[in-house]
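K.L.:
Okay, here's the structure, questions in a sec.
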Amino acid sequence: MIAPSILAADFGKFAAEVEDVINAGCDWIHIDVMDGQFVPNITMGPQVVEALRSRFHCTLDVHLMVQKPQQVIPDFVQAGADVITIHQEATPHVHRGLEMILQSGVKAGYALNPATGLDGLAYVADIIDVLLIMTVNPGFGGQKLIPATLDKIRAARQRLVDLNRKQVRIEVDGGINAETIGAVKDAGAEIFVAGSAIFAEVDRKKAIGALTTALAA
Ligand code: DX5
Ligand code: ZN
């Protein structure tokens, strides 16, 4: 499944940009929330999620790159998020945050930066729907995939099998394009976030087609 990251969209015509990728067949929209603290960039808040929710029926996948995510989870639940992902590195209470998401009736995602190991996975695997393995350091679109993350995806897939939690889907985010998507898929990823590979192209249908073709190869 390809999830366009609207961080790379033209913010001057936001709704039209989202409509464009939905018309091109995408059903998951990835929304990057940055607070200028956890990552050195500030992007969008719950109002954006709310605006998209009122217009579109697709899955809204909210990636929270914020410190103390527990403080804002209720706002994003209220705004209509379908998946909320929080980072291991953003709070000493990641289990509590994930439970909070789950108890709100929203799917919970657990994110790991490139240099974070899989040690915590065993303790949250039973309460997550998605494991987000960052394939770049979070903060900006348009970066190159870090090759060392491929081994982590493979190890995570195996770890989930060992934990009897195969149904947890592995999402990858950062530097995903037609050249890299095959390798992350082979390593065990199932949800592929792509920002610049889609929105930097004029013809989004063609850009998504190129990713789908590369996935099938
Ligand atoms: C990075 C964000 C990504 C970003 C991906 O911090 O989490 O979702 O938009 O952009 P590309 O696909 O351009 O690497
Ligand atoms: Zn993201």
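Chain labels A, B, ... are given in the sequence in which chains occur in the structure tokens; within each chain residues are numbered consecutively from 1, and ligands are likewise numbered from 1 in the order shown.
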Within 10 Å of Ile127 in chain A, counting only C-alpha atoms, which residues show up once you throw out same-chain ones fewer than 6 positions away? Write them as a VMD selection string, please.
P.N.:
chain A and resid 95 98 to 99 101 to 103 107 to 110 165 168
K.L.:
Grab the residues selected above and save them as an mmCIF file, in the first residue's frame with C-alpha atoms.
P.N.:
```cif
data_model
loop_
_atom_site.group_PDB
_atom_site.id
_atom_site.type_symbol
_atom_site.label_atom_id
_atom_site.label_comp_id
_atom_site.auth_asym_id
_atom_site.auth_seq_id
_atom_site.Cartn_x
_atom_site.Cartn_y
_atom_site.Cartn_z
ATOM 1 C CA HIS A 95 3.367 2.400 26.152
ATOM 2 C CA LEU A 98 -0.051 3.841 22.572
ATOM 3 C CA GLU A 99 -2.700 2.625 25.017
ATOM 4 C CA ILE A 101 -4.538 5.897 21.177
ATOM 5 C CA LEU A 102 -5.965 2.374 21.239
ATOM 6 C CA GLN A 103 -8.517 3.222 23.913
ATOM 7 C CA LYS A 107 -5.199 2.415 15.342
ATOM 8 C CA ALA A 108 -1.871 2.842 17.103
ATOM 9 C CA GLY A 109 1.484 3.128 15.380
ATOM 10 C CA TYR A 110 4.901 2.803 17.043
ATOM 11 C CA ARG A 165 2.064 -10.629 16.042
ATOM 12 C CA VAL A 168 1.273 -5.795 12.787
#
```
K.L.:
Quick one: everything within 6 Å of range 194-197 of chain A, counting only C-alpha atoms, minus sequence neighbours fewer than 6 positions away in the same chain. Send it as an NGL selection string.
P.N.:
:A and (4-5 or 8 or 142 or 176-177)
K.L.:
Please save C-alpha atoms of the selected residues as a short mmCIF file (atom, residue, chain, number, x, y, z; two decimals), in the first residue's frame.
P.N.:
```cif
data_model
loop_
_atom_site.label_atom_id
_atom_site.label_comp_id
_atom_site.auth_asym_id
_atom_site.auth_seq_id
_atom_site.Cartn_x
_atom_site.Cartn_y
_atom_site.Cartn_z
CA PRO A 4 1.41 9.71 -0.13
CA SER A 5 2.97 12.10 2.39
CA ALA A 8 5.63 17.30 -0.10
CA GLY A 142 13.40 14.58 0.07
CA ILE A 176 10.98 5.76 -0.75
CA ASN A 177 10.99 5.92 -4.55
#
```
K.L.:
Counting only C-alpha atoms and all ligand atoms, which residues of chain A sit at most 9 Å from some atom of ligand 2, and what is each one's closest atom pair with its distance in Å to one decimal, listed by chain and rising residue number, as a tab-separated table?
P.N.:
```
residue	atom	partner	partner_atom_place_in_ligand_line	distance
A:Ser5	CA	ligand 2	1 (Zn)	6.7
A:Leu7	CA	ligand 2	1 (Zn)	8.2
A:His30	CA	ligand 2	1 (Zn)	6.5
A:Ile31	CA	ligand 2	1 (Zn)	6.6
A:Asp32	CA	ligand 2	1 (Zn)	4.9
A:Val33	CA	ligand 2	1 (Zn)	7.9
A:Asp61	CA	ligand 2	1 (Zn)	9.0
A:Val62	CA	ligand 2	1 (Zn)	7.9
A:His63	CA	ligand 2	1 (Zn)	5.3
A:Leu64	CA	ligand 2	1 (Zn)	7.9
A:Met65	CA	ligand 2	1 (Zn)	8.0
A:Leu132	CA	ligand 2	1 (Zn)	8.8
A:Met134	CA	ligand 2	1 (Zn)	8.0
A:Pro138	CA	ligand 2	1 (Zn)	7.2
A:Gly139	CA	ligand 2	1 (Zn)	8.4
A:Phe140	CA	ligand 2	1 (Zn)	8.9
A:Gly141	CA	ligand 2	1 (Zn)	8.5
A:Val172	CA	ligand 2	1 (Zn)	8.6
A:Asp173	CA	ligand 2	1 (Zn)	5.6
A:Gly174	CA	ligand 2	1 (Zn)	7.2
A:Val193	CA	ligand 2	1 (Zn)	7.1
A:Ala194	CA	ligand 2	1 (Zn)	8.7
A:Gly195	CA	ligand 2	1 (Zn)	8.7
```
K.L.:
Could you pull the residues within 8 Å of Lys68 in chain A, counting only C-alpha atoms, minus those fewer than 4 positions along the same chain, as a PyMOL selection string?
P.N.:
chain A and resi 72+90-91
K.L.:
Generate a file of the selected residues that holds C-alpha atoms, formatted as an mmCIF file, in the first residue's frame.
P.N.:
```
data_model
loop_
_atom_site.group_PDB
_atom_site.id
_atom_site.type_symbol
_atom_site.label_atom_id
_atom_site.label_comp_id
_atom_site.auth_asym_id
_atom_site.auth_seq_id
_atom_site.Cartn_x
_atom_site.Cartn_y
_atom_site.Cartn_z
ATOM 1 C CA VAL A 72 -1.932 16.198 21.736
ATOM 2 C CA ALA A 90 9.551 11.263 21.998
ATOM 3 C CA THR A 91 8.372 10.149 25.430
#
```
K.L.:
As number ranges by chain, which residues of range 4-215 of chain A does DSSP assign to strand (DSSP E)?
P.N.:
A: 4, 28-34, 59-65, 83-87, 107-112, 130-134, 169-173, 191-194
K.L.:
Could you check how far CA of Leu118 in chain A sits from CA of Asp27 in chain A, in Å to one decimal?
P.N.:
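Atom-to-atom, CA of Leu118 in chain A and CA of Asp27 in chain A are spaced 28.7 Å apart.
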K.L.:
Identify which of the residues A:Leu131, A:Ala187, A:Ile42, A:Ala217 lies closest to Leu150 in chain A, counting only C-alpha atoms when measuring atom-to-atom distances.
P.N.:
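Comparing A:Leu131, A:Ala187, A:Ile42, A:Ala217 against Leu150 in chain A, the winner is A:Ala187.
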K.L.:
Pick out the residues sitting within 10 Å of Arg157 in chain A, and hand them over as a PyMOL selection string; count only C-alpha atoms, and ignore anything fewer than 4 positions along from it in its own chain.
P.N.:
chain A and resi 131+151-153+161-163+165-166+168-170+187-189
K.L.:
Give me the residues within 9 Å of Asn113 in chain A as a ChimeraX atom specification, counting only C-alpha atoms and dropping any in the same chain fewer than 4 places off.
P.N.:
/A:87-89,117,132-138
K.L.:
Determine the nearest neighbour of Ile73 in chain A from the options A:Thr116, A:Ser54, A:Ser104, A:Thr59, counting only C-alpha atoms.
P.N.:
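Among A:Thr116, A:Ser54, A:Ser104, A:Thr59, it is A:Ser104 that comes nearest to Ile73 in chain A.
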K.L.:
Tell me which of A:Ala216, A:Val202, A:Ala111, A:Arg96 sits closest to Val21 in chain A, counting only C-alpha atoms.
P.N.:
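Counting only C-alpha atoms, the residue closest to Val21 in chain A is A:Val202.
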K.L.:
Pick out the closest residue to ligand 1 from this set: A:Gln47, A:Thr180, A:Gln71, A:Asn164. Count only C-alpha atoms and all ligand atoms.
P.N.:
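Among the listed residues, the smallest separation from ligand 1 belongs to A:Thr180.
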K.L.:
Nearest to ligand 1 among A:Glu17, A:Asp126, A:Glu171, A:Glu190, with distances taken over only C-alpha atoms and all ligand atoms: which residue is it?
P.N.:
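Of A:Glu17, A:Asp126, A:Glu171, A:Glu190, the one nearest ligand 1, counting only C-alpha atoms and all ligand atoms, is A:Glu171.
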K.L.:
Identify which of the residues A:Arg154, A:His93, A:His57, A:Lys144 lies closest to ligand 1, counting only C-alpha atoms and all ligand atoms when measuring atom-to-atom distances.
P.N.:
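Counting only C-alpha atoms and all ligand atoms, the residue closest to ligand 1 is A:Lys144.
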K.L.:
When you look at Glu19 in chain A with a cut-off of 10 Å (counting only C-alpha atoms), what residues show up, excluding the ones that are within fewer than 4 positions of it in the same chain? I need them as a list in words.
P.N.:
Phe14, Ala15, Asn23, Ala24, Gly25, Cys26, Leu52, Arg55 and Phe56 of chain A
K.L.:
Just want the 7 Å neighbourhood of Gly80 in chain A, counted on only C-alpha atoms, with same-chain residues fewer than 2 positions away dropped. Output as a list in words.
P.N.:
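Near Gly80 in chain A, the qualifying residues are Val49, Glu50, Arg53, Phe76, Val77, Gln78 and Asp82 of chain A.
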